[in-house]
file final-v6.cif (mmCIF, C-alpha atoms and all ligand atoms)
data_structure
loop_
_atom_site.group_PDB
_atom_site.id
_atom_site.type_symbol
_atom_site.label_atom_id
_atom_site.label_comp_id
_atom_site.auth_asym_id
_atom_site.auth_seq_id
_atom_site.Cartn_x
_atom_site.Cartn_y
_atom_site.Cartn_z
ATOM 1 C CA MET A 72 0.000 0.000 0.000
ATOM 2 C CA LYS A 73 1.469 3.336 -1.080
ATOM 3 C CA LEU A 74 0.699 6.440 0.923
ATOM 4 C CA ILE A 75 1.175 9.906 -0.553
ATOM 5 C CA HIS A 76 2.467 12.542 1.856
ATOM 6 C CA LYS A 77 2.661 15.464 -0.565
ATOM 7 C CA PHE A 78 -0.174 17.520 0.988
ATOM 8 C CA LYS A 79 -0.605 18.383 4.659
ATOM 9 C CA SER A 80 -3.460 19.888 6.599
ATOM 10 C CA LEU A 81 -2.755 22.092 9.603
ATOM 11 C CA ASN A 82 -6.273 21.535 10.900
ATOM 12 C CA TYR A 83 -5.565 19.264 13.844
ATOM 13 C CA ASN A 84 -4.799 19.280 17.559
ATOM 14 C CA LYS A 85 -3.968 16.832 20.357
ATOM 15 C CA ARG A 86 -6.038 13.703 20.963
ATOM 16 C CA ASN A 87 -6.693 14.456 24.675
ATOM 17 C CA ASN A 88 -4.929 11.187 25.599
ATOM 18 C CA LYS A 89 -7.644 9.100 24.005
ATOM 19 C CA GLN A 90 -6.796 5.860 22.272
ATOM 20 C CA ILE A 91 -7.630 5.279 18.635
ATOM 21 C CA SER A 92 -10.557 2.867 18.617
ATOM 22 C CA PHE A 93 -12.756 3.931 15.672
ATOM 23 C CA LEU A 94 -12.350 4.254 11.920
ATOM 24 C CA ILE A 95 -14.858 6.728 10.479
ATOM 25 C CA LEU A 96 -15.788 6.804 6.790
ATOM 26 C CA HIS A 97 -16.934 9.909 4.906
ATOM 27 C CA TYR A 98 -17.552 11.173 1.440
ATOM 28 C CA THR A 99 -16.355 14.618 0.445
ATOM 29 C CA ALA A 100 -19.439 15.845 -1.492
ATOM 30 C CA LEU A 101 -17.023 17.917 -3.600
ATOM 31 C CA SER A 102 -16.431 17.575 -7.321
ATOM 32 C CA SER A 103 -12.811 16.354 -7.403
ATOM 33 C CA ILE A 104 -9.895 15.100 -5.354
ATOM 34 C CA GLU A 105 -7.998 18.373 -6.013
ATOM 35 C CA ASP A 106 -10.865 20.492 -4.666
ATOM 36 C CA SER A 107 -11.226 18.222 -1.655
ATOM 37 C CA ILE A 108 -7.535 18.278 -0.761
ATOM 38 C CA ASN A 109 -7.477 22.073 -1.096
ATOM 39 C CA TYR A 110 -10.563 22.349 1.080
ATOM 40 C CA LEU A 111 -9.254 20.010 3.778
ATOM 41 C CA CYS A 112 -5.861 21.736 3.860
ATOM 42 C CA ASP A 113 -7.211 25.291 3.969
ATOM 43 C CA ARG A 114 -6.825 26.647 7.472
ATOM 44 C CA LYS A 115 -9.942 28.801 7.352
ATOM 45 C CA ASN A 116 -12.253 25.794 6.778
ATOM 46 C CA LYS A 117 -11.243 24.225 10.109
ATOM 47 C CA VAL A 118 -11.857 20.694 8.812
ATOM 48 C CA SER A 119 -9.517 17.847 7.934
ATOM 49 C CA CYS A 120 -9.126 14.084 7.862
ATOM 50 C CA HIS A 121 -6.246 11.667 8.242
ATOM 51 C CA TYR A 122 -6.671 10.035 4.853
ATOM 52 C CA ILE A 123 -8.419 10.797 1.597
ATOM 53 C CA ILE A 124 -8.738 8.298 -1.252
ATOM 54 C CA SER A 125 -9.147 9.386 -4.876
ATOM 55 C CA GLN A 126 -11.347 7.776 -7.531
ATOM 56 C CA ASN A 127 -8.209 6.206 -9.020
ATOM 57 C CA GLY A 128 -7.244 4.675 -5.696
ATOM 58 C CA LYS A 129 -4.492 7.033 -4.527
ATOM 59 C CA ILE A 130 -4.300 7.348 -0.750
ATOM 60 C CA TYR A 131 -3.234 10.748 0.569
ATOM 61 C CA ASN A 132 -2.232 11.214 4.207
ATOM 62 C CA LEU A 133 -3.160 14.753 5.273
ATOM 63 C CA VAL A 134 -2.829 14.538 9.077
ATOM 64 C CA ASN A 135 -0.503 12.346 11.133
ATOM 65 C CA GLU A 136 -2.468 9.546 12.827
ATOM 66 C CA LYS A 137 -1.191 10.565 16.253
ATOM 67 C CA TYR A 138 -3.115 13.866 16.030
ATOM 68 C CA ARG A 139 -6.810 14.634 16.273
ATOM 69 C CA ALA A 140 -8.129 15.535 12.812
ATOM 70 C CA TRP A 141 -11.377 17.500 12.497
ATOM 71 C CA HIS A 142 -13.730 15.295 10.498
ATOM 72 C CA ALA A 143 -16.476 14.099 12.846
ATOM 73 C CA GLY A 144 -17.750 17.353 14.355
ATOM 74 C CA GLN A 145 -20.427 16.967 16.989
ATOM 75 C CA SER A 146 -20.738 13.214 17.254
ATOM 76 C CA ALA A 147 -21.528 10.377 19.641
ATOM 77 C CA TRP A 148 -21.305 6.622 19.862
ATOM 78 C CA LEU A 149 -22.164 4.734 23.058
ATOM 79 C CA LEU A 150 -20.503 6.784 25.826
ATOM 80 C CA ASP A 151 -18.040 8.521 23.515
ATOM 81 C CA LYS A 152 -18.999 12.125 22.783
ATOM 82 C CA ASP A 153 -15.817 13.197 21.026
ATOM 83 C CA LEU A 154 -15.154 10.851 18.150
ATOM 84 C CA ASN A 155 -12.475 13.121 16.658
ATOM 85 C CA SER A 156 -10.240 12.277 19.611
ATOM 86 C CA SER A 157 -10.740 8.520 19.368
ATOM 87 C CA SER A 158 -10.848 7.922 15.624
ATOM 88 C CA ILE A 159 -9.088 8.036 12.307
ATOM 89 C CA GLY A 160 -11.094 9.849 9.640
ATOM 90 C CA ILE A 161 -11.081 8.599 6.061
ATOM 91 C CA GLU A 162 -12.602 10.729 3.296
ATOM 92 C CA LEU A 163 -13.614 9.223 -0.038
ATOM 93 C CA ASP A 164 -13.554 11.283 -3.225
ATOM 94 C CA PHE A 165 -17.277 10.897 -3.920
ATOM 95 C CA SER A 166 -20.164 13.270 -4.403
ATOM 96 C CA PRO A 167 -23.758 12.269 -5.157
ATOM 97 C CA ASN A 168 -24.171 15.505 -7.157
ATOM 98 C CA HIS A 169 -21.050 15.504 -9.323
ATOM 99 C CA LYS A 170 -19.323 13.257 -11.843
ATOM 100 C CA ASN A 171 -17.514 11.367 -9.074
ATOM 101 C CA ASN A 172 -20.835 9.818 -8.017
ATOM 102 C CA LYS A 173 -19.691 6.189 -8.040
ATOM 103 C CA PHE A 174 -17.438 4.325 -5.643
ATOM 104 C CA SER A 175 -14.894 3.132 -8.199
ATOM 105 C CA LYS A 176 -13.280 -0.296 -7.974
ATOM 106 C CA LEU A 177 -9.850 1.288 -7.424
ATOM 107 C CA LEU A 178 -11.142 3.531 -4.650
ATOM 108 C CA ILE A 179 -12.752 0.609 -2.811
ATOM 109 C CA GLU A 180 -9.680 -1.614 -3.269
ATOM 110 C CA SER A 181 -7.466 1.055 -1.704
ATOM 111 C CA LEU A 182 -9.963 1.636 1.092
ATOM 112 C CA ILE A 183 -9.911 -2.093 1.902
ATOM 113 C CA LEU A 184 -6.100 -2.090 2.088
ATOM 114 C CA LEU A 185 -6.118 0.973 4.338
ATOM 115 C CA LEU A 186 -8.825 -0.431 6.642
ATOM 116 C CA LYS A 187 -7.001 -3.757 6.974
ATOM 117 C CA TYR A 188 -3.777 -1.923 7.828
ATOM 118 C CA LEU A 189 -5.360 0.412 10.415
ATOM 119 C CA LYS A 190 -7.592 -2.258 11.962
ATOM 120 C CA LYS A 191 -4.557 -4.437 12.616
ATOM 121 C CA LYS A 192 -2.292 -1.583 13.735
ATOM 122 C CA TYR A 193 -4.708 -0.258 16.392
ATOM 123 C CA LYS A 194 -6.542 -3.547 17.099
ATOM 124 C CA ILE A 195 -9.839 -1.960 16.145
ATOM 125 C CA ASP A 196 -13.045 -3.881 16.723
ATOM 126 C CA LYS A 197 -14.954 -4.261 13.444
ATOM 127 C CA LYS A 198 -18.035 -2.899 15.245
ATOM 128 C CA ASN A 199 -16.151 0.402 15.432
ATOM 129 C CA ILE A 200 -15.678 0.810 11.704
ATOM 130 C CA LEU A 201 -18.543 3.227 11.122
ATOM 131 C CA GLY A 202 -19.896 5.925 8.847
ATOM 132 C CA HIS A 203 -20.230 9.606 9.673
ATOM 133 C CA SER A 204 -23.975 8.907 9.384
ATOM 134 C CA ASP A 205 -23.749 6.485 12.335
ATOM 135 C CA ILE A 206 -22.036 8.877 14.729
ATOM 136 C CA ALA A 207 -23.908 12.050 13.635
ATOM 137 C CA PRO A 208 -27.215 10.662 12.303
ATOM 138 C CA TYR A 209 -29.148 13.952 12.528
ATOM 139 C CA ARG A 210 -26.636 16.027 10.580
ATOM 140 C CA LYS A 211 -24.900 13.666 8.195
ATOM 141 C CA ILE A 212 -25.708 11.000 5.621
ATOM 142 C CA ASP A 213 -22.209 10.095 4.369
ATOM 143 C CA PRO A 214 -20.823 7.688 3.175
ATOM 144 C CA GLY A 215 -24.405 7.311 1.892
ATOM 145 C CA GLU A 216 -26.702 4.738 0.365
ATOM 146 C CA LYS A 217 -24.330 3.736 -2.449
ATOM 147 C CA PHE A 218 -21.463 2.843 -0.154
ATOM 148 C CA PRO A 219 -20.794 -0.936 -0.382
ATOM 149 C CA TRP A 220 -20.845 -1.940 3.296
ATOM 150 C CA LYS A 221 -21.500 -5.550 2.260
ATOM 151 C CA LYS A 222 -18.046 -5.798 0.704
ATOM 152 C CA LEU A 223 -16.577 -4.777 4.036
ATOM 153 C CA TYR A 224 -18.694 -7.304 6.001
ATOM 154 C CA ASN A 225 -17.406 -10.079 3.795
ATOM 155 C CA LEU A 226 -13.809 -9.140 4.596
ATOM 156 C CA ASP A 227 -14.459 -8.822 8.322
ATOM 157 C CA LEU A 228 -14.018 -5.057 8.101
ATOM 158 C CA SER A 229 -17.468 -4.153 9.335
ATOM 159 C CA TYR A 230 -20.030 -5.668 11.655
ATOM 160 C CA ASN A 231 -22.798 -7.721 10.127
ATOM 161 C CA PRO A 232 -25.685 -8.675 12.426
ATOM 162 C CA LYS A 233 -25.740 -12.445 12.301
ATOM 163 C CA LYS A 234 -28.629 -14.827 12.473
ATOM 164 C CA VAL A 235 -29.495 -15.556 16.073
ATOM 165 C CA ASN A 236 -31.237 -18.415 17.734
ATOM 166 C CA LEU A 237 -35.017 -17.950 17.873
ATOM 167 C CA ASN A 238 -34.992 -18.768 21.597
ATOM 168 C CA GLU A 239 -32.821 -15.740 22.212
ATOM 169 C CA LEU A 240 -35.159 -13.498 20.236
ATOM 170 C CA VAL A 241 -38.113 -14.816 22.205
ATOM 171 C CA LYS A 242 -36.359 -13.844 25.466
ATOM 172 C CA ILE A 243 -36.029 -10.280 24.196
ATOM 173 C CA ARG A 244 -39.675 -10.154 23.135
ATOM 174 C CA ILE A 245 -40.737 -11.353 26.587
ATOM 175 C CA TRP A 246 -38.505 -8.752 28.222
ATOM 176 C CA PHE A 247 -40.159 -5.952 26.237
ATOM 177 C CA LYS A 248 -43.585 -7.253 27.199
ATOM 178 C CA LYS A 249 -42.698 -7.529 30.875
ATOM 179 C CA ASN A 250 -41.484 -3.950 30.831
ATOM 180 C CA LYS A 251 -44.640 -2.800 29.054
ATOM 181 C CA ILE A 252 -42.790 -1.633 25.960
ATOM 182 C CA TYR A 253 -45.322 -2.350 23.241
ATOM 183 C CA LEU A 254 -44.716 0.158 20.458
ATOM 184 C CA ASN A 255 -42.247 -0.950 17.792
ATOM 185 C CA LYS A 256 -40.823 2.568 17.612
ATOM 186 C CA ASN A 257 -39.934 2.482 21.313
ATOM 187 C CA LYS A 258 -38.402 -0.984 20.983
ATOM 188 C CA ILE A 259 -36.356 0.218 18.002
ATOM 189 C CA LEU A 260 -35.062 3.247 19.917
ATOM 190 C CA ILE A 261 -34.024 1.142 22.911
ATOM 191 C CA MET A 262 -32.223 -1.323 20.642
ATOM 192 C CA LEU A 263 -30.495 1.344 18.515
ATOM 193 C CA ASN A 264 -29.342 3.087 21.672
ATOM 194 C CA PHE A 265 -27.824 -0.162 22.944
ATOM 195 C CA ILE A 266 -26.098 -0.662 19.582
ATOM 196 C CA GLY A 267 -24.460 2.765 19.959
ATOM 197 C CA TYR A 268 -26.637 5.375 18.261
ATOM 198 C CA ASP A 269 -27.482 8.700 19.859
ATOM 199 C CA ILE A 270 -31.295 8.543 20.038
ATOM 200 C CA SER A 271 -31.852 11.795 21.963
ATOM 201 C CA LYS A 272 -33.361 13.786 19.074
ATOM 202 C CA SER A 273 -35.470 10.865 17.796
ATOM 203 C CA ILE A 274 -37.549 10.516 20.929
ATOM 204 C CA LYS A 275 -39.690 13.579 20.276
ATOM 205 C CA ASN A 276 -38.987 14.591 16.717
ATOM 206 C CA LYS A 277 -40.426 12.550 13.839
ATOM 207 C CA SER A 278 -38.105 13.815 11.133
ATOM 208 C CA SER A 279 -35.070 13.124 13.337
ATOM 209 C CA TYR A 280 -36.367 9.602 13.870
ATOM 210 C CA ARG A 281 -36.654 9.189 10.086
ATOM 211 C CA SER A 282 -33.059 10.384 9.603
ATOM 212 C CA LEU A 283 -31.862 7.887 12.177
ATOM 213 C CA ILE A 284 -33.766 5.026 10.536
ATOM 214 C CA ASN A 285 -32.590 5.944 7.029
ATOM 215 C CA ASN A 286 -28.991 6.062 8.159
ATOM 216 C CA TYR A 287 -29.340 2.693 9.881
ATOM 217 C CA LYS A 288 -30.877 1.200 6.722
ATOM 218 C CA ASN A 289 -28.124 2.604 4.501
ATOM 219 C CA HIS A 290 -25.551 0.880 6.644
ATOM 220 C CA TYR A 291 -27.150 -2.410 7.591
ATOM 221 C CA LEU A 292 -29.912 -3.007 5.051
ATOM 222 C CA GLN A 293 -28.420 -1.078 2.162
ATOM 223 C CA LYS A 294 -31.752 0.460 1.230
ATOM 224 C CA SER A 295 -33.060 3.838 2.302
ATOM 225 C CA ASN A 296 -36.344 3.497 0.430
ATOM 226 C CA ILE A 297 -39.218 4.422 2.741
ATOM 227 C CA LYS A 298 -41.317 1.595 1.280
ATOM 228 C CA TYR A 299 -38.724 -0.930 2.368
ATOM 229 C CA SER A 300 -40.561 -3.406 4.549
ATOM 230 C CA ASN A 301 -40.807 -2.291 8.154
ATOM 231 C CA SER A 302 -40.781 -5.848 9.381
ATOM 232 C CA LYS A 303 -37.466 -6.490 7.626
ATOM 233 C CA LEU A 304 -36.023 -3.416 9.319
ATOM 234 C CA PHE A 305 -37.376 -4.476 12.709
ATOM 235 C CA ASN A 306 -36.002 -8.000 12.297
ATOM 236 C CA CYS A 307 -32.582 -6.663 11.365
ATOM 237 C CA ILE A 308 -32.411 -4.340 14.384
ATOM 238 C CA GLU A 309 -33.646 -7.121 16.654
ATOM 239 C CA ARG A 310 -30.999 -9.513 15.301
ATOM 240 C CA HIS A 311 -28.341 -6.828 15.619
ATOM 241 C CA PHE A 312 -29.314 -6.022 19.218
ATOM 242 C CA CYS A 313 -29.581 -9.656 20.186
ATOM 243 C CA SER A 314 -26.211 -10.693 18.752
ATOM 244 C CA LEU A 315 -24.488 -7.783 20.542
ATOM 245 C CA LEU A 316 -26.280 -8.601 23.769
ATOM 246 C CA LEU A 317 -25.113 -12.208 23.564
ATOM 247 C CA THR A 318 -21.486 -11.215 22.997
ATOM 248 C CA LYS A 319 -21.613 -8.824 25.978
ATOM 249 C CA CYS A 320 -23.061 -11.375 28.421
HETATM 250 ZN ZN ZN B 401 -18.470 13.244 6.780
#
call {"tool": "encode", "arguments": {"input": "final-v6.cif", "output": "structure tokens"}}
result
Amino acid sequence: MKLIHKFKSLNYNKRNNKQISFLILHYTALSSIEDSINYLCDRKNKVSCHYIISQNGKIYNLVNEKYRAWHAGQSAWLLDKDLNSSSIGIELDFSPNHKNNKFSKLLIESLILLLKYLKKKYKIDKKNILGHSDIAPYRKIDPGEKFPWKKLYNLDLSYNPKKVNLNELVKIRIWFKKNKIYLNKNKILIMLNFIGYDISKSIKNKSSYRSLINNYKNHYLQKSNIKYSNSKLFNCIERHFCSLLLTKC
């Protein structure tokens, strides 16, 4: 894997003694790799990332991994409220509104090499390889619905909720009943919160809830279509929750 060190961003600071335990994926939403590098290296924009990958698979290192790059913004996952300090940010040269609106084969191949390298180097749990849309679901949708998460699952570079024993699912259903949690929406919020998502805005606001659900679907069901069967979504979240619960017990 060849890394290009030609461009540097000064938009970084110290990690506040936090360990690197997340890899966060983004898309740039800009029209070209040149524009994106310029943007991420311009001091006045106050944003950056550690790595950016071009459509032809070149990997540029803009910020040293030991520093805190500014890619996540306000973000949360489980108890972590400052993902910039605990992650490495990877931008992909992709924009849904420009010509670079496909994740090219070369881009994805380079991303896979980089993820394998970083996952091994920092012993990162595959559950912590996430999208910006997972850690900031009310503000962000990148890496978006076209991003091929399935390719990453197959290489053990992302978490895929496995099939779980029906007996285990039944236990969860009984637990919800015992605790008088009947509405599917409430069950979904409890489960997504356990998985790691910040559910605070979804509790009262319908459009926030929709953003959260769409971002979950884009990652784990690879379909953001509203008509996508609700039962399939529910089953996926239930399986996801249950398999995490079993590994934590
Ligand atoms: Zn982003």
call {"tool": "residues_near_ligand", "arguments": {"input": "final-v6.cif", "ligand": "ligand ZN 401 (chain B)", "cutoff": "12 Å", "atoms": "all atoms listed in the file", "output": "VMD selection string"}}
result
chain A and resid 95 to 101 111 118 to 120 123 141 to 146 155 160 to 166 201 to 208 210 to 215
call {"tool": "resolve_selection", "arguments": {"input": "final-v6.cif", "expression": "the PyMOL selection byres (((chain A and resi 190) around 12) and not hetatm)", "output": "PyMOL selection string"}}
result
chain A and resi 91-95+158-159+182-189+191-200+226-229
call {"tool": "atom_distance", "arguments": {"input": "final-v6.cif", "atom1": "atom CA of Lys233 of chain A", "atom2": "atom CA of Ile266 of chain A"}}
result
13.9 Å
call {"tool": "atom_distance", "arguments": {"input": "final-v6.cif", "atom1": "atom CA of Lys77 of chain A", "atom2": "atom CA of Tyr131 of chain A"}}
result
7.6 Å
call {"tool": "residues_around", "arguments": {"input": "final-v6.cif", "residues": "Cys313 of chain A", "least_positions_apart": "3", "cutoff": "8 Å", "atoms": "only C-alpha atoms", "output": "NGL selection string"}}
result
:A and (235 or 239-240 or 243 or 309-310 or 316-317)
call {"tool": "build_atoms", "arguments": {"input": "final-v6.cif", "residues": "segment 237-249 of chain A", "atoms": "N, CA and C atoms", "output": "short mmCIF file (atom, residue, chain, number, x, y, z; two decimals), keeping the file's coordinate frame"}}
result
data_model
loop_
_atom_site.label_atom_id
_atom_site.label_comp_id
_atom_site.auth_asym_id
_atom_site.auth_seq_id
_atom_site.Cartn_x
_atom_site.Cartn_y
_atom_site.Cartn_z
N LEU A 237 -33.66 -18.46 17.63
CA LEU A 237 -35.02 -17.95 17.87
C LEU A 237 -35.32 -17.86 19.38
N ASN A 238 -34.76 -18.80 20.14
CA ASN A 238 -34.99 -18.77 21.60
C ASN A 238 -34.49 -17.47 22.22
N GLU A 239 -33.38 -16.99 21.69
CA GLU A 239 -32.82 -15.74 22.21
C GLU A 239 -33.74 -14.57 21.87
N LEU A 240 -34.25 -14.58 20.64
CA LEU A 240 -35.16 -13.50 20.24
C LEU A 240 -36.42 -13.50 21.09
N VAL A 241 -36.90 -14.70 21.38
CA VAL A 241 -38.11 -14.82 22.20
C VAL A 241 -37.87 -14.19 23.59
N LYS A 242 -36.68 -14.41 24.14
CA LYS A 242 -36.36 -13.84 25.47
C LYS A 242 -36.47 -12.31 25.43
N ILE A 243 -35.97 -11.74 24.33
CA ILE A 243 -36.03 -10.28 24.20
C ILE A 243 -37.48 -9.81 24.09
N ARG A 244 -38.26 -10.55 23.31
CA ARG A 244 -39.67 -10.15 23.14
C ARG A 244 -40.42 -10.22 24.48
N ILE A 245 -40.10 -11.23 25.26
CA ILE A 245 -40.74 -11.35 26.59
C ILE A 245 -40.31 -10.19 27.49
N TRP A 246 -39.03 -9.86 27.39
CA TRP A 246 -38.51 -8.75 28.22
C TRP A 246 -39.24 -7.45 27.91
N PHE A 247 -39.43 -7.17 26.62
CA PHE A 247 -40.16 -5.95 26.24
C PHE A 247 -41.58 -5.97 26.81
N LYS A 248 -42.21 -7.12 26.72
CA LYS A 248 -43.58 -7.25 27.20
C LYS A 248 -43.66 -7.02 28.71
N LYS A 249 -42.75 -7.67 29.41
CA LYS A 249 -42.70 -7.53 30.88
C LYS A 249 -42.53 -6.09 31.29
#
